[in-house]
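Below is structure-v4.tsv, which holds TSV, N, CA and C atoms.
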```tsv
chain	number	residue	atom	x	y	z
A	624	MET	N	96.51	100.63	109.49
A	624	MET	CA	96.13	100.92	108.13
A	624	MET	C	94.62	101.12	108.05
A	625	ALA	N	94.21	102.16	107.36
A	625	ALA	CA	92.77	102.41	107.21
A	625	ALA	C	92.21	101.47	106.15
A	626	GLU	N	91.00	101.06	106.42
A	626	GLU	CA	90.36	100.17	105.44
A	626	GLU	C	90.04	100.94	104.18
A	627	ARG	N	90.29	100.32	103.06
A	627	ARG	CA	90.00	100.94	101.78
A	627	ARG	C	88.50	100.81	101.50
A	628	GLU	N	87.88	101.96	101.22
A	628	GLU	CA	86.44	101.93	100.95
A	628	GLU	C	86.18	101.34	99.58
A	629	GLU	N	85.15	100.54	99.52
A	629	GLU	CA	84.77	99.93	98.26
A	629	GLU	C	84.03	100.97	97.41
A	630	ARG	N	84.42	101.09	96.15
A	630	ARG	CA	83.73	102.02	95.25
A	630	ARG	C	82.38	101.44	94.88
A	631	ARG	N	81.42	102.30	94.88
A	631	ARG	CA	80.06	101.87	94.52
A	631	ARG	C	79.63	102.58	93.25
A	632	PHE	N	79.07	101.83	92.35
A	632	PHE	CA	78.59	102.37	91.09
A	632	PHE	C	77.11	102.05	90.93
A	633	VAL	N	76.48	102.86	90.14
A	633	VAL	CA	75.08	102.61	89.83
A	633	VAL	C	75.00	101.39	88.92
A	634	GLU	N	74.08	100.52	89.22
A	634	GLU	CA	73.87	99.35	88.36
A	634	GLU	C	72.44	99.38	87.84
A	635	LEU	N	72.31	99.18	86.57
A	635	LEU	CA	71.01	99.14	85.92
A	635	LEU	C	70.56	97.68	85.86
A	636	PRO	N	69.43	97.36	86.45
A	636	PRO	CA	68.98	95.96	86.43
A	636	PRO	C	68.67	95.49	85.01
A	637	ARG	N	68.95	94.23	84.75
A	637	ARG	CA	68.70	93.70	83.40
A	637	ARG	C	67.22	93.70	83.07
A	638	ASP	N	66.36	93.62	84.10
A	638	ASP	CA	64.92	93.68	83.84
A	638	ASP	C	64.52	95.04	83.28
A	639	SER	N	65.17	96.10	83.75
A	639	SER	CA	64.88	97.43	83.22
A	639	SER	C	65.29	97.53	81.76
A	640	VAL	N	66.43	96.96	81.42
A	640	VAL	CA	66.89	96.97	80.03
A	640	VAL	C	65.92	96.17	79.17
A	641	ARG	N	65.48	95.04	79.69
A	641	ARG	CA	64.54	94.20	78.94
A	641	ARG	C	63.21	94.95	78.72
A	642	LEU	N	62.73	95.66	79.74
A	642	LEU	CA	61.48	96.43	79.59
A	642	LEU	C	61.63	97.54	78.56
A	643	MET	N	62.78	98.24	78.59
A	643	MET	CA	63.01	99.30	77.60
A	643	MET	C	63.06	98.73	76.19
A	644	ALA	N	63.69	97.58	76.05
A	644	ALA	CA	63.78	96.94	74.73
A	644	ALA	C	62.40	96.49	74.26
A	645	GLU	N	61.61	95.92	75.16
A	645	GLU	CA	60.26	95.47	74.79
A	645	GLU	C	59.39	96.64	74.39
A	646	SER	N	59.57	97.80	75.05
A	646	SER	CA	58.77	98.97	74.68
A	646	SER	C	59.16	99.48	73.30
A	647	ALA	N	60.38	99.16	72.85
A	647	ALA	CA	60.82	99.52	71.51
A	647	ALA	C	60.54	98.42	70.50
A	648	GLY	N	59.94	97.30	70.96
A	648	GLY	CA	59.58	96.21	70.07
A	648	GLY	C	60.68	95.19	69.85
A	649	VAL	N	61.65	95.12	70.76
A	649	VAL	CA	62.76	94.18	70.64
A	649	VAL	C	62.75	93.24	71.84
A	650	GLU	N	62.92	91.95	71.56
A	650	GLU	CA	63.00	90.99	72.66
A	650	GLU	C	64.47	90.61	72.89
A	651	LEU	N	64.88	90.58	74.16
A	651	LEU	CA	66.27	90.28	74.50
A	651	LEU	C	66.34	89.06	75.41
A	652	SER	N	67.38	88.28	75.24
A	652	SER	CA	67.62	87.17	76.17
A	652	SER	C	68.21	87.73	77.46
A	653	ASP	N	68.26	86.90	78.49
A	653	ASP	CA	68.82	87.33	79.77
A	653	ASP	C	70.28	87.74	79.62
A	654	GLU	N	71.03	86.97	78.84
A	654	GLU	CA	72.46	87.25	78.67
A	654	GLU	C	72.68	88.58	77.97
A	655	VAL	N	71.92	88.84	76.92
A	655	VAL	CA	72.06	90.10	76.18
A	655	VAL	C	71.63	91.27	77.04
A	656	ALA	N	70.55	91.12	77.79
A	656	ALA	CA	70.09	92.19	78.68
A	656	ALA	C	71.14	92.50	79.73
A	657	ALA	N	71.79	91.48	80.28
A	657	ALA	CA	72.83	91.70	81.28
A	657	ALA	C	74.03	92.43	80.68
A	658	LEU	N	74.42	92.04	79.47
A	658	LEU	CA	75.55	92.71	78.81
A	658	LEU	C	75.22	94.16	78.47
A	659	LEU	N	74.01	94.41	78.00
A	659	LEU	CA	73.60	95.78	77.70
A	659	LEU	C	73.55	96.63	78.97
A	660	ALA	N	73.04	96.06	80.05
A	660	ALA	CA	72.97	96.79	81.32
A	660	ALA	C	74.37	97.18	81.78
A	661	GLU	N	75.32	96.26	81.66
A	661	GLU	CA	76.70	96.55	82.05
A	661	GLU	C	77.29	97.65	81.18
A	662	ASP	N	77.02	97.61	79.87
A	662	ASP	CA	77.55	98.61	78.95
A	662	ASP	C	76.94	99.99	79.23
A	663	VAL	N	75.64	100.03	79.51
A	663	VAL	CA	74.98	101.30	79.81
A	663	VAL	C	75.57	101.91	81.08
A	664	CYS	N	75.80	101.10	82.09
A	664	CYS	CA	76.40	101.60	83.34
A	664	CYS	C	77.79	102.15	83.10
A	665	TYR	N	78.57	101.46	82.29
A	665	TYR	CA	79.91	101.94	81.97
A	665	TYR	C	79.85	103.28	81.25
A	666	ARG	N	78.97	103.39	80.27
A	666	ARG	CA	78.87	104.63	79.51
A	666	ARG	C	78.35	105.79	80.35
A	667	LEU	N	77.47	105.51	81.31
A	667	LEU	CA	77.00	106.56	82.22
A	667	LEU	C	78.15	107.04	83.11
A	668	ARG	N	78.95	106.11	83.62
A	668	ARG	CA	80.10	106.49	84.44
A	668	ARG	C	81.09	107.32	83.61
A	669	GLU	N	81.31	106.91	82.37
A	669	GLU	CA	82.22	107.64	81.49
A	669	GLU	C	81.71	109.05	81.22
A	670	ALA	N	80.43	109.19	80.91
A	670	ALA	CA	79.85	110.51	80.65
A	670	ALA	C	79.89	111.38	81.90
A	671	THR	N	79.66	110.78	83.06
A	671	THR	CA	79.72	111.54	84.31
A	671	THR	C	81.13	112.01	84.58
A	672	GLN	N	82.11	111.14	84.35
A	672	GLN	CA	83.50	111.52	84.56
A	672	GLN	C	83.91	112.63	83.59
A	673	ASN	N	83.50	112.52	82.34
A	673	ASN	CA	83.83	113.56	81.36
A	673	ASN	C	83.15	114.88	81.71
A	674	SER	N	81.91	114.82	82.17
A	674	SER	CA	81.21	116.05	82.53
A	674	SER	C	81.86	116.70	83.75
A	675	SER	N	82.40	115.90	84.66
A	675	SER	CA	83.09	116.49	85.81
A	675	SER	C	84.38	117.18	85.36
A	676	GLN	N	85.00	116.70	84.29
A	676	GLN	CA	86.17	117.38	83.75
A	676	GLN	C	85.80	118.75	83.19
A	677	PHE	N	84.66	118.84	82.50
A	677	PHE	CA	84.19	120.14	82.03
A	677	PHE	C	83.90	121.06	83.21
A	678	LEU	N	83.36	120.50	84.26
A	678	LEU	CA	83.07	121.26	85.47
A	678	LEU	C	84.37	121.82	86.06
A	679	LYS	N	85.39	121.01	86.17
A	679	LYS	CA	86.68	121.46	86.73
A	679	LYS	C	87.33	122.53	85.87
A	680	HIS	N	87.24	122.37	84.54
A	680	HIS	CA	87.88	123.33	83.65
A	680	HIS	C	87.20	124.70	83.70
A	681	THR	N	85.93	124.72	84.03
A	681	THR	CA	85.23	126.00	84.15
A	681	THR	C	85.30	126.56	85.56
A	682	ARG	N	85.96	125.84	86.46
A	682	ARG	CA	86.17	126.25	87.84
A	682	ARG	C	84.86	126.56	88.57
A	683	ARG	N	83.91	125.68	88.36
A	683	ARG	CA	82.64	125.78	89.08
A	683	ARG	C	82.53	124.61	90.03
A	684	ARG	N	81.56	124.69	90.92
A	684	ARG	CA	81.36	123.62	91.90
A	684	ARG	C	80.08	122.84	91.65
A	685	ARG	N	79.22	123.34	90.76
A	685	ARG	CA	77.95	122.69	90.52
A	685	ARG	C	77.88	122.18	89.08
A	686	LEU	N	77.56	120.90	88.94
A	686	LEU	CA	77.44	120.29	87.62
A	686	LEU	C	76.14	120.74	86.97
A	687	THR	N	76.21	121.18	85.73
A	687	THR	CA	75.02	121.64	85.02
A	687	THR	C	74.65	120.65	83.91
A	688	VAL	N	73.47	120.84	83.39
A	688	VAL	CA	73.00	120.04	82.27
A	688	VAL	C	73.93	120.24	81.07
A	689	GLU	N	74.37	121.46	80.89
A	689	GLU	CA	75.25	121.76	79.76
A	689	GLU	C	76.58	121.01	79.88
A	690	ASP	N	77.10	120.85	81.10
A	690	ASP	CA	78.32	120.06	81.28
A	690	ASP	C	78.11	118.63	80.81
A	691	PHE	N	76.98	118.06	81.20
A	691	PHE	CA	76.69	116.68	80.82
A	691	PHE	C	76.47	116.56	79.32
A	692	ASN	N	75.76	117.53	78.74
A	692	ASN	CA	75.54	117.52	77.29
A	692	ASN	C	76.85	117.68	76.52
A	693	ARG	N	77.76	118.52	77.03
A	693	ARG	CA	79.08	118.65	76.39
A	693	ARG	C	79.82	117.32	76.42
A	694	ALA	N	79.73	116.62	77.54
A	694	ALA	CA	80.40	115.32	77.65
A	694	ALA	C	79.81	114.33	76.66
A	695	LEU	N	78.49	114.37	76.47
A	695	LEU	CA	77.86	113.48	75.50
A	695	LEU	C	78.25	113.85	74.08
A	696	ARG	N	78.29	115.15	73.77
A	696	ARG	CA	78.73	115.57	72.44
A	696	ARG	C	80.18	115.16	72.20
A	697	TRP	N	81.02	115.29	73.23
A	697	TRP	CA	82.42	114.93	73.13
A	697	TRP	C	82.58	113.43	72.86
A	698	SER	N	81.61	112.64	73.35
A	698	SER	CA	81.63	111.19	73.14
A	698	SER	C	80.88	110.78	71.88
A	699	ASN	N	80.47	111.76	71.06
A	699	ASN	CA	79.74	111.52	69.81
A	699	ASN	C	78.41	110.81	70.02
A	700	VAL	N	77.67	111.21	71.05
A	700	VAL	CA	76.33	110.67	71.28
A	700	VAL	C	75.35	111.55	70.52
A	701	GLU	N	74.41	110.92	69.85
A	701	GLU	CA	73.45	111.67	69.05
A	701	GLU	C	72.60	112.59	69.92
A	702	GLY	N	72.14	113.68	69.32
A	702	GLY	CA	71.41	114.72	70.04
A	702	GLY	C	70.15	114.27	70.74
A	703	GLU	N	69.42	113.34	70.17
A	703	GLU	CA	68.16	112.95	70.78
A	703	GLU	C	68.34	112.20	72.10
A	704	HIS	N	69.55	111.75	72.38
A	704	HIS	CA	69.81	111.00	73.61
A	704	HIS	C	70.40	111.89	74.70
A	705	ARG	N	70.57	113.15	74.43
A	705	ARG	CA	71.17	114.04	75.41
A	705	ARG	C	70.18	114.34	76.53
A	706	VAL	N	70.71	114.76	77.64
A	706	VAL	CA	69.91	115.05	78.83
A	706	VAL	C	69.31	116.44	78.70
A	707	ASN	N	68.05	116.58	79.10
A	707	ASN	CA	67.46	117.91	79.12
A	707	ASN	C	67.23	118.34	80.56
A	708	SER	N	66.92	119.59	80.75
A	708	SER	CA	66.78	120.12	82.10
A	708	SER	C	65.60	119.51	82.84
A	709	LEU	N	64.58	119.03	82.12
A	709	LEU	CA	63.43	118.41	82.78
A	709	LEU	C	63.85	117.14	83.49
A	710	LEU	N	64.71	116.34	82.88
A	710	LEU	CA	65.20	115.12	83.52
A	710	LEU	C	65.92	115.43	84.82
A	711	LEU	N	66.76	116.45	84.80
A	711	LEU	CA	67.48	116.80	86.02
A	711	LEU	C	66.55	117.39	87.06
A	712	ALA	N	65.49	118.06	86.62
A	712	ALA	CA	64.55	118.65	87.57
A	712	ALA	C	63.78	117.57	88.32
A	713	VAL	N	63.48	116.44	87.67
A	713	VAL	CA	62.70	115.39	88.32
A	713	VAL	C	63.58	114.31	88.94
A	714	THR	N	64.90	114.41	88.77
A	714	THR	CA	65.83	113.44	89.34
A	714	THR	C	66.74	114.16	90.33
A	715	PRO	N	66.33	114.23	91.60
A	715	PRO	CA	67.10	115.00	92.57
A	715	PRO	C	68.56	114.58	92.69
A	716	GLY	N	68.86	113.30	92.55
A	716	GLY	CA	70.24	112.84	92.69
A	716	GLY	C	71.14	113.41	91.61
A	717	LEU	N	70.61	113.61	90.41
A	717	LEU	CA	71.41	114.17	89.33
A	717	LEU	C	71.52	115.69	89.46
A	718	ALA	N	70.42	116.33	89.87
A	718	ALA	CA	70.42	117.80	89.93
A	718	ALA	C	71.33	118.32	91.02
A	719	GLY	N	71.56	117.57	92.07
A	719	GLY	CA	72.36	118.07	93.17
A	719	GLY	C	73.81	117.64	93.15
A	720	MET	N	74.32	117.18	92.01
A	720	MET	CA	75.71	116.74	91.95
A	720	MET	C	76.63	117.94	92.12
A	721	THR	N	77.59	117.83	93.04
A	721	THR	CA	78.53	118.91	93.25
A	721	THR	C	79.93	118.37	93.23
A	722	GLN	N	80.88	119.26	93.12
A	722	GLN	CA	82.30	118.89	93.10
A	722	GLN	C	82.70	118.36	94.45
```

Could you write out this structure as structure tokens?
Amino acid sequence: MAEREERRFVELPRDSVRLMAESAGVELSDEVAALLAEDVCYRLREATQNSSQFLKHTRRRRLTVEDFNRALRWSNVEGEHRVNSLLLAVTPGLAGMTQ
């Protein structure tokens, strides 16, 4: 029997969540920061999965910014939080996502 590979997901450190909150003028406890970090990771995985569905339906092999933005719109995320092409240009891991 082949060993089952463990799935790996991106995890956002709670310190990063705490720093983002402090920059917005909000102080968070460790527990709240950990819960928010877990929720953000879940929502990123969900948006990525939804954007890959848009990719499959258009029969393309390369994920675009528009695919990700469609997934965010489909999830009722406000416009100011959507991804722009500059973010993907400076984040090589996101820009090179393929089917």

Mind giving me the axis-aligned box for stretch 664-670 of chain A with 3 Å on every side, centre plus edges in Å to one decimal, as AutoDock Vina command-line options?
```
--center_x 79.0 --center_y 106.2 --center_z 82.0 --size_x 12.4 --size_y 16.3 --size_z 10.9
```

Shell around stretch 665-674 of chain A at 6 Å using only C-alpha atoms, local window under 4 positions removed, as a PyMOL selection string: chain A and resi 690-691+694

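With only N, CA and C atoms as the atoms that count, the minimum distance from A:Pro636 to the choices A:Glu661, A:Ser675, A:Thr681, A:Asn699 is reached by A:Glu661.
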
One decimal, Å: what's the distance from atom N of A:Glu650 over to atom CA of A:Arg696, could you say?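 Between these atoms lies a distance of 28.4 Å.
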
To one decimal place in Å, what is the distance between atom CA of A:Leu635 and atom CA of A:Leu658?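 Atom-to-atom, atom CA of A:Leu635 to atom CA of A:Leu658, that is 10.6 Å.
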
Missing atoms in stretch 675-700 of chain A should be modelled up to N, CA, C and O atoms and reported as a compact mmCIF listing (two decimals), in the coordinates of the input.
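Just written: out.txt:
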```txt
# COMPACT_ATOMS: atom_id res chain seq x y z
N SER A 675 82.40 115.90 84.66
CA SER A 675 83.09 116.49 85.81
C SER A 675 84.38 117.18 85.36
O SER A 675 84.81 118.16 85.98
N GLN A 676 85.00 116.70 84.29
CA GLN A 676 86.17 117.38 83.75
C GLN A 676 85.80 118.75 83.19
O GLN A 676 86.52 119.72 83.41
N PHE A 677 84.66 118.84 82.50
CA PHE A 677 84.19 120.14 82.03
C PHE A 677 83.90 121.06 83.21
O PHE A 677 84.16 122.26 83.16
N LEU A 678 83.36 120.50 84.26
CA LEU A 678 83.07 121.26 85.47
C LEU A 678 84.37 121.82 86.06
O LEU A 678 84.44 123.01 86.40
N LYS A 679 85.39 121.01 86.17
CA LYS A 679 86.68 121.46 86.73
C LYS A 679 87.33 122.53 85.87
O LYS A 679 87.89 123.49 86.38
N HIS A 680 87.24 122.37 84.54
CA HIS A 680 87.88 123.33 83.65
C HIS A 680 87.20 124.70 83.70
O HIS A 680 87.85 125.71 83.41
N THR A 681 85.93 124.72 84.03
CA THR A 681 85.23 126.00 84.15
C THR A 681 85.30 126.56 85.56
O THR A 681 84.74 127.62 85.83
N ARG A 682 85.96 125.84 86.46
CA ARG A 682 86.17 126.25 87.84
C ARG A 682 84.86 126.56 88.57
O ARG A 682 84.74 127.55 89.28
N ARG A 683 83.91 125.68 88.36
CA ARG A 683 82.64 125.78 89.08
C ARG A 683 82.53 124.61 90.03
O ARG A 683 83.27 123.64 89.94
N ARG A 684 81.56 124.69 90.92
CA ARG A 684 81.36 123.62 91.90
C ARG A 684 80.08 122.84 91.65
O ARG A 684 79.85 121.83 92.27
N ARG A 685 79.22 123.34 90.76
CA ARG A 685 77.95 122.69 90.52
C ARG A 685 77.88 122.18 89.08
O ARG A 685 78.08 122.93 88.14
N LEU A 686 77.56 120.90 88.94
CA LEU A 686 77.44 120.29 87.62
C LEU A 686 76.14 120.74 86.97
O LEU A 686 75.08 120.70 87.60
N THR A 687 76.21 121.18 85.73
CA THR A 687 75.02 121.64 85.02
C THR A 687 74.65 120.65 83.91
O THR A 687 75.44 119.77 83.55
N VAL A 688 73.47 120.84 83.39
CA VAL A 688 73.00 120.04 82.27
C VAL A 688 73.93 120.24 81.07
O VAL A 688 74.26 119.29 80.35
N GLU A 689 74.37 121.46 80.89
CA GLU A 689 75.25 121.76 79.76
C GLU A 689 76.58 121.01 79.88
O GLU A 689 77.13 120.56 78.87
N ASP A 690 77.10 120.85 81.10
CA ASP A 690 78.32 120.06 81.28
C ASP A 690 78.11 118.63 80.81
O ASP A 690 78.95 118.05 80.13
N PHE A 691 76.98 118.06 81.20
CA PHE A 691 76.69 116.68 80.82
C PHE A 691 76.47 116.56 79.32
O PHE A 691 76.96 115.64 78.67
N ASN A 692 75.76 117.53 78.74
CA ASN A 692 75.54 117.52 77.29
C ASN A 692 76.85 117.68 76.52
O ASN A 692 77.05 117.05 75.48
N ARG A 693 77.76 118.52 77.03
CA ARG A 693 79.08 118.65 76.39
C ARG A 693 79.82 117.32 76.42
O ARG A 693 80.47 116.94 75.45
N ALA A 694 79.73 116.62 77.54
CA ALA A 694 80.40 115.32 77.65
C ALA A 694 79.81 114.33 76.66
O ALA A 694 80.53 113.55 76.05
N LEU A 695 78.49 114.37 76.47
CA LEU A 695 77.86 113.48 75.50
C LEU A 695 78.25 113.85 74.08
O LEU A 695 78.52 112.97 73.26
N ARG A 696 78.29 115.15 73.77
CA ARG A 696 78.73 115.57 72.44
C ARG A 696 80.18 115.16 72.20
O ARG A 696 80.54 114.73 71.11
N TRP A 697 81.02 115.29 73.23
CA TRP A 697 82.42 114.93 73.13
C TRP A 697 82.58 113.43 72.86
O TRP A 697 83.51 113.01 72.21
N SER A 698 81.61 112.64 73.35
CA SER A 698 81.63 111.19 73.14
C SER A 698 80.88 110.78 71.88
O SER A 698 80.62 109.60 71.67
N ASN A 699 80.47 111.76 71.06
CA ASN A 699 79.74 111.52 69.81
C ASN A 699 78.41 110.81 70.02
O ASN A 699 78.04 109.92 69.25
N VAL A 700 77.67 111.21 71.05
CA VAL A 700 76.33 110.67 71.28
C VAL A 700 75.35 111.55 70.52
O VAL A 700 75.45 112.78 70.56
```
